[in-house]
Amino acid sequence: MNKSSRLFLWIFLLGALALQAQTTLAVSRFENHTGKMKYDGWERAFASLMRLHLGNNDEVLILDRSRMEPLLKEQALSQSGLLDSVRSIGHLLGADFIVSGSLEWDNGLLIVTADMIRVKTGQLITEQVSARGHRDKMAAVLAHNLLYRLGLEETYRTGDRVLSSDVWYWSGAFALSSAAALYFDRRYKEQYSLYRETGSLADFDSYYNNANNSRNWSYILGGAALVSLSGALIRWFKSDSENVIRAGGRIKTETSLYMVPNETFNLGLVIHF
């Protein structure tokens, strides 16, 4: 075997080992159980975001959706059906884990639940996030915590905080009105100084009027700055309740049976977060 052939063989072996070291995930759609039509578009979109965030980890290999969905349709499997046929589906897909989920609505909060099924054992890992929207942020937190359960992230994220766009609007208005108020205040001082120093009667009225107008504008814009600052602070504190993404929560442990083809049953421990 010549040198180039050995080099090619080493590259091939290293590539094969790298692929084996990766965890393979198949992500199915997230079913809309909210009863709200506006979340129908989230079913595929949220799954796509989960693929994106999970796939950002170099140790994860995401199966292509076009390969997965025809198989699920052919098998006529629902979310509960995945539990019953987890080994056969996982084998057909070549996946280590299958991720599916649901969207629910409770007291003004959107709750997204992700079920990650370990193909070999039928173990079910459930993660959950709740918020008033913010689809991408919710998917990022959910994906991060699933990776944590796989040992691919060092920390568990208990949530995230999304700054309301209103806060940025009010903050921008505060910055602009403050800058304008400072400009007119400086102009007032300059014109008033010239008014005090001038010896020309013709310039006397001009400096006085300019100083007076500048002072009035500085007061008006200063008031606008205070209103804008108040609006920004109100929206900031209000965003604590409106724009917070929470993950985890209470822990519920129960024993469940997962039926597997050509097997009697597997006894698994289900942990809900």
# chains A, B, ... in the order shown; residues from 1 in each chain; ligands from 1
call {"tool": "residues_around", "arguments": {"residues": "Tyr156 (chain A)", "least_positions_apart": "4", "cutoff": "10 Å", "atoms": "only C-alpha atoms", "output": "list in words"}}
result
Val141, His144, Asn145, Leu146, Leu147, Tyr148, Arg149, Ala247 and Gly248 of chain A
call {"tool": "closest_residue", "arguments": {"among": "A:Tyr39, A:Val119, A:Trp217, A:Glu190", "to": "Leu92 (chain A)", "atoms": "only C-alpha atoms"}}
result
A:Val119
call {"tool": "select_by_dssp", "arguments": {"residues": "region 83-207 of chain A", "states": "alpha helix (DSSP H)", "output": "ChimeraX atom specification"}}
result
/A:83-84,86-93,135-149,165-197,201-207
call {"tool": "closest_residue", "arguments": {"among": "A:Ala131, A:Glu43, A:Gly231, A:Leu150", "to": "Phe174 (chain A)", "atoms": "only C-alpha atoms"}}
result
A:Gly231
call {"tool": "residues_around", "arguments": {"residues": "region 193-198 of chain A", "least_positions_apart": "4", "cutoff": "9 Å", "atoms": "only C-alpha atoms", "output": "list in words"}}
result
Tyr188, Lys189, Asp203, Phe204, Asp205, Ser206, Tyr207, Tyr208 and Ala211 of chain A
call {"tool": "residues_around", "arguments": {"residues": "region 104-115 of chain A", "least_positions_apart": "6", "cutoff": "9 Å", "atoms": "only C-alpha atoms", "output": "list of chain:residue names"}}
result
A:Phe30, A:Glu31, A:Asn32, A:His33, A:Thr34, A:Gly35, A:Lys36, A:Ile98, A:Leu124, A:Ile125, A:Thr126, A:Glu127, A:Gln128, A:Val129, A:Ser130, A:Ala131, A:Arg132, A:Gly133, A:Met138, A:Ala139, A:Leu142, A:Ala143, A:Leu146
